[in-house]
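The structure file target_36.cif is reproduced below (mmCIF, C-alpha atoms).
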data_query
#
loop_
_atom_site.group_PDB
_atom_site.id
_atom_site.type_symbol
_atom_site.label_atom_id
_atom_site.label_comp_id
_atom_site.auth_asym_id
_atom_site.auth_seq_id
_atom_site.Cartn_x
_atom_site.Cartn_y
_atom_site.Cartn_z
ATOM 1 C CA MET A 1 9.718 16.594 -11.124
ATOM 2 C CA ARG A 2 12.959 18.534 -11.675
ATOM 3 C CA ALA A 3 14.741 16.655 -8.871
ATOM 4 C CA ASP A 4 13.589 13.331 -10.351
ATOM 5 C CA ARG A 5 14.952 14.299 -13.767
ATOM 6 C CA LEU A 6 18.318 15.352 -12.360
ATOM 7 C CA MET A 7 18.669 12.027 -10.577
ATOM 8 C CA ALA A 8 17.718 10.130 -13.736
ATOM 9 C CA ILE A 9 20.299 12.104 -15.771
ATOM 10 C CA LEU A 10 23.010 11.359 -13.208
ATOM 11 C CA LEU A 11 22.205 7.645 -13.374
ATOM 12 C CA LEU A 12 22.380 7.804 -17.170
ATOM 13 C CA LEU A 13 25.843 9.400 -16.933
ATOM 14 C CA GLN A 14 26.970 6.647 -14.559
ATOM 15 C CA GLN A 15 25.749 3.950 -16.912
ATOM 16 C CA ARG A 16 26.899 5.337 -20.264
ATOM 17 C CA GLU A 17 29.850 7.534 -19.220
ATOM 18 C CA GLN A 18 28.829 10.049 -21.895
ATOM 19 C CA VAL A 19 25.429 11.278 -23.070
ATOM 20 C CA THR A 20 24.154 13.910 -25.462
ATOM 21 C CA ALA A 21 21.285 16.286 -24.815
ATOM 22 C CA ALA A 22 19.334 14.475 -27.533
ATOM 23 C CA GLU A 23 19.802 11.113 -25.761
ATOM 24 C CA VAL A 24 18.680 12.581 -22.440
ATOM 25 C CA ALA A 25 15.654 14.176 -24.107
ATOM 26 C CA ARG A 26 14.693 10.869 -25.722
ATOM 27 C CA GLU A 27 15.080 8.840 -22.502
ATOM 28 C CA LEU A 28 13.172 11.264 -20.298
ATOM 29 C CA GLU A 29 10.654 12.361 -22.946
ATOM 30 C CA ILE A 30 11.527 16.046 -22.615
ATOM 31 C CA SER A 31 12.777 18.677 -25.072
ATOM 32 C CA GLU A 32 16.492 19.008 -25.895
ATOM 33 C CA ARG A 33 16.399 22.533 -24.514
ATOM 34 C CA THR A 34 15.118 21.235 -21.178
ATOM 35 C CA ALA A 35 17.740 18.461 -21.228
ATOM 36 C CA ARG A 36 20.561 20.997 -21.728
ATOM 37 C CA ARG A 37 19.200 23.163 -18.929
ATOM 38 C CA ASP A 38 19.063 20.159 -16.599
ATOM 39 C CA LEU A 39 22.627 19.128 -17.499
ATOM 40 C CA ASP A 40 23.798 22.638 -16.689
ATOM 41 C CA ALA A 41 21.875 22.476 -13.419
ATOM 42 C CA LEU A 42 23.793 19.343 -12.395
ATOM 43 C CA GLY A 43 27.055 21.252 -12.696
ATOM 44 C CA MET A 44 25.657 24.211 -10.756
ATOM 45 C CA ALA A 45 24.583 21.793 -8.018
ATOM 46 C CA GLY A 46 28.199 20.657 -7.579
ATOM 47 C CA VAL A 47 28.085 17.406 -9.555
ATOM 48 C CA PRO A 48 31.424 17.031 -11.427
ATOM 49 C CA VAL A 49 29.930 17.034 -14.932
ATOM 50 C CA TYR A 50 31.404 18.731 -18.004
ATOM 51 C CA SER A 51 30.568 19.024 -21.704
ATOM 52 C CA MET A 52 32.733 18.134 -24.722
ATOM 53 C CA GLN A 53 31.990 20.195 -27.812
ATOM 54 C CA GLY A 54 32.141 19.139 -31.428
ATOM 55 C CA ARG A 55 31.593 15.899 -33.262
ATOM 56 C CA GLY A 56 31.376 12.928 -30.896
ATOM 57 C CA GLY A 57 30.953 15.279 -27.975
ATOM 58 C CA GLY A 58 28.537 15.097 -25.093
ATOM 59 C CA TRP A 59 28.387 15.270 -21.358
ATOM 60 C CA ARG A 60 30.635 13.303 -18.983
ATOM 61 C CA LEU A 61 31.372 12.945 -15.297
ATOM 62 C CA VAL A 62 34.841 14.237 -14.420
ATOM 63 C CA GLY A 63 37.228 11.306 -14.041
ATOM 64 C CA GLY A 64 34.369 8.854 -14.343
ATOM 65 C CA ALA A 65 33.025 10.049 -10.987
ATOM 66 C CA ARG A 66 30.150 8.037 -9.611
ATOM 67 C CA THR A 67 27.630 9.425 -7.140
ATOM 68 C CA ASP A 68 24.790 6.983 -6.534
ATOM 69 C CA LEU A 69 22.049 9.380 -5.477
ATOM 70 C CA SER A 70 19.552 6.524 -5.383
ATOM 71 C CA GLY A 71 21.351 5.000 -2.391
ATOM 72 C CA LEU A 72 20.070 1.586 -3.464
ATOM 73 C CA THR A 73 21.825 -1.598 -2.477
ATOM 74 C CA ALA A 74 21.680 -4.550 -4.867
ATOM 75 C CA GLY A 75 18.996 -6.182 -2.720
ATOM 76 C CA GLU A 76 16.930 -3.012 -2.600
ATOM 77 C CA ALA A 77 17.148 -2.627 -6.373
ATOM 78 C CA ARG A 78 15.920 -6.203 -6.859
ATOM 79 C CA ALA A 79 13.033 -5.635 -4.434
ATOM 80 C CA LEU A 80 12.044 -2.427 -6.211
ATOM 81 C CA PHE A 81 11.873 -4.038 -9.621
ATOM 82 C CA LEU A 82 9.865 -7.040 -8.453
ATOM 83 C CA VAL A 83 6.812 -4.791 -8.862
ATOM 84 C CA ALA A 84 7.629 -4.037 -12.515
ATOM 85 C CA GLY A 85 6.908 -7.490 -13.921
ATOM 86 C CA PRO A 86 4.330 -7.913 -16.691
ATOM 87 C CA ALA A 87 1.800 -9.651 -14.434
ATOM 88 C CA SER A 88 2.290 -7.613 -11.272
ATOM 89 C CA SER A 89 -0.435 -5.511 -9.694
ATOM 90 C CA ALA A 90 1.429 -2.221 -10.227
ATOM 91 C CA THR A 91 -0.245 0.405 -12.381
ATOM 92 C CA PRO A 92 0.936 0.793 -16.008
ATOM 93 C CA ALA A 93 2.513 4.143 -15.105
ATOM 94 C CA VAL A 94 4.575 2.556 -12.320
ATOM 95 C CA LYS A 95 5.716 -0.286 -14.569
ATOM 96 C CA ALA A 96 6.715 2.117 -17.342
ATOM 97 C CA ALA A 97 8.661 4.334 -14.947
ATOM 98 C CA LEU A 98 10.536 1.394 -13.424
ATOM 99 C CA ARG A 99 11.387 -0.060 -16.827
ATOM 100 C CA LYS A 100 12.968 3.287 -17.760
ATOM 101 C CA LEU A 101 14.839 3.502 -14.494
ATOM 102 C CA VAL A 102 16.270 -0.008 -14.769
ATOM 103 C CA ARG A 103 18.111 1.039 -17.931
ATOM 104 C CA ALA A 104 19.780 3.841 -15.986
ATOM 105 C CA LEU A 105 20.934 1.761 -13.004
ATOM 106 C CA PRO A 106 24.696 1.243 -12.713
ATOM 107 C CA GLU A 107 26.169 -2.240 -12.903
ATOM 108 C CA PRO A 108 25.901 -4.728 -11.226
ATOM 109 C CA PHE A 109 22.397 -3.633 -10.225
ATOM 110 C CA ARG A 110 20.986 -3.457 -13.740
ATOM 111 C CA ALA A 111 21.193 -7.139 -14.706
ATOM 112 C CA GLN A 112 19.734 -8.278 -11.380
ATOM 113 C CA ALA A 113 16.962 -5.681 -11.538
ATOM 114 C CA GLU A 114 16.041 -6.775 -15.074
ATOM 115 C CA ALA A 115 15.883 -10.396 -13.892
ATOM 116 C CA ALA A 116 13.749 -9.431 -10.895
ATOM 117 C CA ALA A 117 11.277 -7.605 -13.138
ATOM 118 C CA SER A 118 10.450 -10.881 -14.913
ATOM 119 C CA SER A 119 10.852 -13.341 -12.023
ATOM 120 C CA LEU A 120 7.554 -12.957 -10.200
ATOM 121 C CA VAL A 121 3.884 -13.233 -11.100
ATOM 122 C CA LEU A 122 1.278 -11.919 -8.663
ATOM 123 C CA ASP A 123 -2.154 -13.494 -9.199
ATOM 124 C CA PRO A 124 -4.636 -11.981 -6.703
ATOM 125 C CA GLN A 125 -7.500 -14.270 -7.769
ATOM 126 C CA ARG A 126 -8.442 -17.217 -5.589
ATOM 127 C CA TRP A 127 -9.010 -20.641 -7.159
ATOM 128 C CA GLY A 128 -12.499 -20.841 -8.652
ATOM 129 C CA SER A 129 -13.114 -17.091 -8.515
ATOM 130 C CA SER A 130 -13.974 -14.840 -11.434
ATOM 131 C CA ARG A 131 -11.145 -13.691 -13.709
ATOM 132 C CA ILE A 132 -12.639 -10.222 -13.943
ATOM 133 C CA GLU A 133 -10.074 -7.754 -12.583
ATOM 134 C CA PRO A 134 -11.449 -4.822 -10.570
ATOM 135 C CA ARG A 135 -10.832 -1.483 -12.251
ATOM 136 C CA PRO A 136 -9.108 1.293 -10.313
ATOM 137 C CA PRO A 137 -11.595 3.881 -8.997
ATOM 138 C CA ARG A 138 -12.349 6.749 -11.363
ATOM 139 C CA PHE A 139 -10.796 9.490 -9.219
ATOM 140 C CA LEU A 140 -7.795 7.553 -7.877
ATOM 141 C CA ASP A 141 -5.229 9.420 -9.988
ATOM 142 C CA ASP A 142 -6.711 12.818 -9.103
ATOM 143 C CA LEU A 143 -6.555 12.065 -5.389
ATOM 144 C CA GLN A 144 -3.032 10.646 -5.602
ATOM 145 C CA ASP A 145 -1.977 13.840 -7.330
ATOM 146 C CA ALA A 146 -3.603 15.929 -4.597
ATOM 147 C CA VAL A 147 -1.777 13.948 -1.885
ATOM 148 C CA ILE A 148 1.578 14.298 -3.636
ATOM 149 C CA ARG A 149 1.155 18.009 -4.364
ATOM 150 C CA GLY A 150 -0.301 18.717 -0.928
ATOM 151 C CA ALA A 151 -3.413 20.379 -2.358
ATOM 152 C CA GLN A 152 -6.870 20.684 -0.807
ATOM 153 C CA VAL A 153 -9.804 19.459 -2.889
ATOM 154 C CA ARG A 154 -13.561 19.872 -2.912
ATOM 155 C CA LEU A 155 -14.711 16.269 -2.616
ATOM 156 C CA GLY A 156 -18.072 14.984 -3.830
ATOM 157 C CA TYR A 157 -19.035 11.785 -2.007
ATOM 158 C CA VAL A 158 -21.917 9.304 -1.889
ATOM 159 C CA ASP A 159 -22.156 7.299 1.348
ATOM 160 C CA ARG A 160 -23.403 3.723 1.756
ATOM 161 C CA GLU A 161 -26.966 4.968 2.227
ATOM 162 C CA GLY A 162 -26.833 6.844 -1.088
ATOM 163 C CA ALA A 163 -26.685 10.330 0.442
ATOM 164 C CA ALA A 164 -24.578 12.768 -1.611
ATOM 165 C CA THR A 165 -22.408 15.373 0.109
ATOM 166 C CA GLU A 166 -19.663 17.829 -0.811
ATOM 167 C CA ARG A 167 -16.892 19.119 1.443
ATOM 168 C CA ILE A 168 -13.373 20.570 1.472
ATOM 169 C CA VAL A 169 -10.800 17.948 2.500
ATOM 170 C CA HIS A 170 -7.047 17.894 3.128
ATOM 171 C CA PRO A 171 -5.810 14.645 1.480
ATOM 172 C CA LEU A 172 -3.173 12.956 3.657
ATOM 173 C CA GLY A 173 -2.720 9.529 2.094
ATOM 174 C CA ILE A 174 -4.209 6.661 0.116
ATOM 175 C CA VAL A 175 -4.475 3.008 1.178
ATOM 176 C CA ALA A 176 -5.298 -0.101 -0.865
ATOM 177 C CA LYS A 177 -7.127 -2.763 1.154
ATOM 178 C CA GLY A 178 -7.667 -5.812 -1.044
ATOM 179 C CA PRO A 179 -9.539 -4.580 -4.142
ATOM 180 C CA SER A 180 -10.728 -1.395 -2.380
ATOM 181 C CA TRP A 181 -9.003 1.997 -2.200
ATOM 182 C CA TYR A 182 -9.384 4.491 0.633
ATOM 183 C CA LEU A 183 -8.509 8.162 1.084
ATOM 184 C CA ILE A 184 -7.467 9.365 4.528
ATOM 185 C CA ALA A 185 -8.075 13.094 4.855
ATOM 186 C CA THR A 186 -8.610 15.849 7.364
ATOM 187 C CA THR A 187 -12.016 17.563 7.193
ATOM 188 C CA GLY A 188 -13.800 20.276 9.137
ATOM 189 C CA ALA A 189 -15.161 17.500 11.368
ATOM 190 C CA GLY A 190 -11.768 15.870 11.968
ATOM 191 C CA ARG A 191 -9.911 13.026 10.280
ATOM 192 C CA ARG A 192 -12.060 10.850 8.030
ATOM 193 C CA THR A 193 -11.691 7.847 5.711
ATOM 194 C CA PHE A 194 -13.418 7.767 2.303
ATOM 195 C CA ARG A 195 -13.871 4.832 -0.064
ATOM 196 C CA ILE A 196 -12.562 6.155 -3.347
ATOM 197 C CA ASP A 197 -15.079 4.217 -5.437
ATOM 198 C CA ARG A 198 -17.786 6.320 -3.751
ATOM 199 C CA VAL A 199 -16.143 9.631 -4.695
ATOM 200 C CA SER A 200 -18.274 11.472 -7.257
ATOM 201 C CA SER A 201 -16.060 14.515 -7.962
ATOM 202 C CA VAL A 202 -12.645 15.989 -7.149
ATOM 203 C CA ASP A 203 -11.996 19.709 -7.674
ATOM 204 C CA PRO A 204 -8.682 21.261 -6.519
ATOM 205 C CA THR A 205 -9.182 24.470 -4.539
ATOM 206 C CA GLY A 206 -5.674 25.863 -5.024
ATOM 207 C CA ASP A 207 -5.098 25.951 -1.249
ATOM 208 C CA PRO A 208 -2.340 23.922 0.454
ATOM 209 C CA VAL A 209 -3.005 20.961 2.709
ATOM 210 C CA HIS A 210 -2.489 21.462 6.441
ATOM 211 C CA ARG A 211 -0.658 18.241 7.264
ATOM 212 C CA PRO A 212 -0.198 17.360 10.961
ATOM 213 C CA GLU A 213 3.507 17.125 11.797
ATOM 214 C CA ASP A 214 3.049 13.822 13.616
ATOM 215 C CA PHE A 215 0.915 12.184 10.900
ATOM 216 C CA ASP A 216 2.083 8.718 9.856
ATOM 217 C CA LEU A 217 0.003 7.020 7.169
ATOM 218 C CA ALA A 218 0.847 3.439 8.204
ATOM 219 C CA GLU A 219 0.097 4.075 11.881
ATOM 220 C CA SER A 220 -3.101 5.937 11.023
ATOM 221 C CA TRP A 221 -4.333 3.078 8.840
ATOM 222 C CA ARG A 222 -3.537 0.475 11.505
ATOM 223 C CA ALA A 223 -5.685 2.401 13.983
ATOM 224 C CA ILE A 224 -8.507 2.692 11.424
ATOM 225 C CA ALA A 225 -8.322 -1.008 10.508
ATOM 226 C CA ASP A 226 -8.342 -2.052 14.183
ATOM 227 C CA GLU A 227 -11.406 0.095 14.823
ATOM 228 C CA VAL A 228 -13.214 -1.320 11.772
ATOM 229 C CA ASP A 229 -12.413 -4.875 12.886
ATOM 230 C CA ARG A 230 -13.821 -4.176 16.339
ATOM 231 C CA ARG A 231 -17.011 -2.690 14.922
ATOM 232 C CA ARG A 232 -17.488 -5.689 12.651
ATOM 233 C CA THR A 233 -16.826 -8.147 15.491
ATOM 234 C CA PRO A 234 -18.267 -6.579 18.678
ATOM 235 C CA ILE A 235 -18.889 -9.888 20.500
ATOM 236 C CA GLU A 236 -15.979 -11.082 22.635
ATOM 237 C CA ALA A 237 -15.691 -14.620 23.937
ATOM 238 C CA ARG A 238 -13.208 -15.224 26.757
ATOM 239 C CA ALA A 239 -11.500 -18.594 26.940
ATOM 240 C CA VAL A 240 -8.429 -20.484 28.086
ATOM 241 C CA CYS A 241 -6.449 -22.573 25.611
ATOM 242 C CA THR A 242 -3.851 -25.307 25.965
ATOM 243 C CA PRO A 243 -0.426 -24.389 24.537
ATOM 244 C CA GLY A 244 -0.840 -27.050 21.850
ATOM 245 C CA GLY A 245 -4.014 -25.419 20.566
ATOM 246 C CA MET A 246 -2.665 -21.901 20.133
ATOM 247 C CA SER A 247 -1.522 -22.514 16.560
ATOM 248 C CA VAL A 248 -5.021 -23.748 15.681
ATOM 249 C CA LEU A 249 -6.553 -20.574 17.104
ATOM 250 C CA ARG A 250 -4.090 -18.295 15.313
ATOM 251 C CA ILE A 251 -4.795 -19.970 11.980
ATOM 252 C CA GLY A 252 -8.561 -20.051 12.509
ATOM 253 C CA PHE A 253 -9.153 -16.557 13.886
ATOM 254 C CA GLY A 254 -6.226 -14.397 12.754
ATOM 255 C CA SER A 255 -6.677 -10.797 13.853
ATOM 256 C CA ARG A 256 -9.843 -11.726 15.785
ATOM 257 C CA LEU A 257 -7.683 -13.457 18.390
ATOM 258 C CA GLU A 258 -6.105 -11.611 21.330
ATOM 259 C CA VAL A 259 -3.638 -13.537 23.474
ATOM 260 C CA GLY A 260 -3.287 -12.818 27.183
ATOM 261 C CA GLY A 261 -1.216 -14.295 29.987
ATOM 262 C CA SER A 262 -0.681 -17.845 31.183
ATOM 263 C CA ARG A 263 -2.476 -19.456 34.125
ATOM 264 C CA ALA A 264 -0.898 -21.613 36.797
ATOM 265 C CA ASP A 265 -1.980 -24.785 34.948
ATOM 266 C CA GLY A 266 -0.173 -23.644 31.784
ATOM 267 C CA ARG A 267 -3.284 -22.727 29.829
ATOM 268 C CA ILE A 268 -3.314 -19.361 28.066
ATOM 269 C CA GLU A 269 -6.034 -16.741 28.369
ATOM 270 C CA VAL A 270 -7.465 -15.593 25.025
ATOM 271 C CA VAL A 271 -10.221 -13.363 23.687
ATOM 272 C CA ILE A 272 -11.905 -14.275 20.388
ATOM 273 C CA ARG A 273 -14.134 -11.752 18.609
ATOM 274 C CA GLY A 274 -17.163 -12.373 16.414
ATOM 275 C CA ASN A 275 -20.236 -10.551 15.106
ATOM 276 C CA ASP A 276 -22.907 -12.898 16.486
ATOM 277 C CA GLU A 277 -23.025 -14.945 19.701
ATOM 278 C CA TYR A 278 -24.496 -18.059 18.065
ATOM 279 C CA LYS A 279 -22.113 -18.006 15.105
ATOM 280 C CA LEU A 280 -19.150 -17.494 17.416
ATOM 281 C CA ALA A 281 -20.282 -20.444 19.532
ATOM 282 C CA GLY A 282 -20.492 -22.528 16.365
ATOM 283 C CA GLU A 283 -16.898 -21.649 15.476
ATOM 284 C CA LEU A 284 -15.711 -22.545 18.965
ATOM 285 C CA ALA A 285 -17.687 -25.794 19.242
ATOM 286 C CA GLY A 286 -15.163 -27.734 17.193
ATOM 287 C CA LEU A 287 -12.254 -26.612 19.360
ATOM 288 C CA VAL A 288 -13.286 -28.199 22.682
ATOM 289 C CA GLU A 289 -10.170 -30.373 22.595
ATOM 290 C CA TRP A 290 -8.058 -27.264 23.226
ATOM 291 C CA ILE A 291 -10.210 -24.494 24.690
ATOM 292 C CA GLU A 292 -12.633 -23.861 27.527
ATOM 293 C CA VAL A 293 -14.929 -20.869 27.035
ATOM 294 C CA THR A 294 -15.326 -18.919 30.272
ATOM 295 C CA GLY A 295 -17.706 -16.186 29.074
ATOM 296 C CA PRO A 296 -19.944 -14.503 28.289
ATOM 297 C CA PRO A 297 -22.830 -16.694 29.537
ATOM 298 C CA ALA A 298 -24.762 -16.359 26.244
ATOM 299 C CA VAL A 299 -21.928 -17.939 24.260
ATOM 300 C CA ARG A 300 -21.576 -20.742 26.822
ATOM 301 C CA ASP A 301 -25.345 -21.375 26.650
ATOM 302 C CA HIS A 302 -25.173 -21.632 22.856
ATOM 303 C CA LEU A 303 -22.242 -24.062 23.159
ATOM 304 C CA ALA A 304 -24.240 -26.220 25.591
ATOM 305 C CA ALA A 305 -27.228 -26.239 23.234
ATOM 306 C CA ILE A 306 -25.013 -27.164 20.270
ATOM 307 C CA GLY A 307 -23.493 -29.984 22.354
ATOM 308 C CA LYS A 308 -26.920 -31.394 23.282
ATOM 309 C CA THR A 309 -28.005 -31.326 19.649
ATOM 310 C CA LEU A 310 -24.824 -33.138 18.556
ATOM 311 C CA VAL A 311 -25.272 -35.831 21.244
ATOM 312 C CA ALA A 312 -28.935 -36.309 20.349
ATOM 313 C CA ARG A 313 -28.145 -36.685 16.637
ATOM 314 C CA TYR A 314 -24.900 -38.643 16.747
ATOM 315 C CA GLY A 315 -24.776 -40.161 20.230
#
If you took the structure in this file and wrote it as C-alpha cells, what would it be?
Amino acid sequence: MRADRLMAILLLLQQREQVTAAEVARELEISERTARRDLDALGMAGVPVYSMQGRGGGWRLVGGARTDLSGLTAGEARALFLVAGPASSATPAVKAALRKLVRALPEPFRAQAEAAASSLVLDPQRWGSSRIEPRPPRFLDDLQDAVIRGAQVRLGYVDREGAATERIVHPLGIVAKGPSWYLIATTGAGRRTFRIDRVSSVDPTGDPVHRPEDFDLAESWRAIADEVDRRRTPIEARAVCTPGGMSVLRIGFGSRLEVGGSRADGRIEVVIRGNDEYKLAGELAGLVEWIEVTGPPAVRDHLAAIGKTLVARYG
C-alpha cells in the first residue's frame, strides 16, 4: 500500500505542481501525519521534491520535473478507464479507485481517461433473460486478499454432492468465468480449482503461500478450461469439410471444433466434440452440404437413421 500511495502522490504533484499535506491526506483518505511522512519518503527515494514553508507553501517537484511512474501511454490510460464507467461490471471498489486515479493523471491523459470512463456500457444480460444480477460470492474479497498478500488459508468447502470438507490451501489466483468465480490453489493433494460460491469459510493461517516459480494464472486456467471442455464433451466425431463450410463449423461449434490438415481433394479434416452420440449426430445432420462424417460408426449410424426418418416424413 505504501508504494501505491507514493505513486499517487507523485501523480498529484505532476498534475497540480504544488500540493499541501492536507490536500494529499484528503485525496488519499489518510492522516496529514502519514501524508507528510510519505512526502518525505519521496525525497529520500530520490524524487526531486521539496517543501516551501509558510503561507501559500506546499510541496513541489524541482523545476517542474515529471516522472511518470505509471508508464501509461494515452491508449493504455483510455483502456484502463473503460472499466470505470457507471454501468461496467467492475466492482465498486475498483470504480472508486480508478475515479480517484483519473484526477491524478497528467495531461493530456486525464481528459481522454475521463471520456473513456463514461463512453462504454457493458450489459451482460442476453435479450429476454432476467434482469437479476448475480451477487459476488460471499468470500470473494477474503480470497482476493489472500492471493494478493500471499497468505495460506484454512478453506471450508461444500462440493457438488453436498459433502463438507476443510483443508489448508495456498491461493494462487482467481478467475471469473461468466457469472461464476473460481479459486486456483495448491493443496496437499496438488493443484485444485474451487468454485468460490461453494466456499463456506476462509480463515488465514498466518503462513506464507508457496508459489511455484513457473506458475502463470492465464496458462493454468487455459489448461483447466480445456480439460473441463473435454470432460463435458467426451464424444468425438471425425469428419472432412469443404473449405466453404469451415466458417459454418467455426460459428456452430466454437471451441468444440478441432481443425486438422487438408486432403488431396481440398477437404479439411476436423474433429467435433459432443456429450452424446445421438445429439451430436443431430447437430451434424444439417451440415451434409459441407461435411462427411467418417467416424465413429455409432454417430454415422445415427445420421443414417435420422436421414431415413427425414425421407419418410418429407420425401
Original post:
Suppose you want the space between CA of Arg195 in chain A and CA of Val147 in chain A; what is it in Å?
Top reply: 15.3 Å
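Atom to atom, CA of Asp216 in chain A and CA of Val271 in chain A stand 28.8 Å apart.
Excluding Pro234 in chain A itself and any same-chain residue fewer than 5 positions from it, the protein and nucleic acid residues within 9 Å of it, counting only C-alpha atoms, are Asp229, Arg273, Gly274, Asn275 and Asp276 of chain A.
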Original post:
For the point (2.0, 19.6, 8.4) in file coordinates, what residues are within 12 Å, counting only C-alpha atoms? Give the answer as a ChimeraX atom specification?
Top reply: /A:150,170-172,186,208-216
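Distance-wise, CA of Ser180 in chain A and CA of Pro137 in chain A end up 8.5 Å apart.
Residue nearest Thr242 in chain A, chosen from A:Glu258, A:Asp301, A:Glu292, A:Asp226 and counting only C-alpha atoms: A:Glu292.
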**OP:** With the file shown as input, list the residues that the PyMOL selection byres ((chain A and resi 202) around 12) selects, as a ChimeraX atom specification.
**Re:** /A:138-146,151-157,166-171,196,198-201,203-205
Original post:
Could you spell out the hits of the PyMOL selection byres ((chain A and resi 220) around 12) on the shown file, as a PyMOL selection string?
Top reply: chain A and resi 172-175+183-186+191-193+212+214-219+221-227
**OP:** Write out as number ranges by chain which residues come within 9 Å of Val240 in chain A when counting all atoms listed in the file, dropping same-chain ones fewer than 4 positions away.
**Re:** A: 262-263, 267-271, 290-294
Export of prior selection with C-alpha atoms as a CSV table (one decimal), in the frame of the given file:
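Result file is part.csv:
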chain,number,residue,atom,x,y,z
A,262,SER,CA,-0.7,-17.8,31.2
A,263,ARG,CA,-2.5,-19.5,34.1
A,267,ARG,CA,-3.3,-22.7,29.8
A,268,ILE,CA,-3.3,-19.4,28.1
A,269,GLU,CA,-6.0,-16.7,28.4
A,270,VAL,CA,-7.5,-15.6,25.0
A,271,VAL,CA,-10.2,-13.4,23.7
A,290,TRP,CA,-8.1,-27.3,23.2
A,291,ILE,CA,-10.2,-24.5,24.7
A,292,GLU,CA,-12.6,-23.9,27.5
A,293,VAL,CA,-14.9,-20.9,27.0
A,294,THR,CA,-15.3,-18.9,30.3
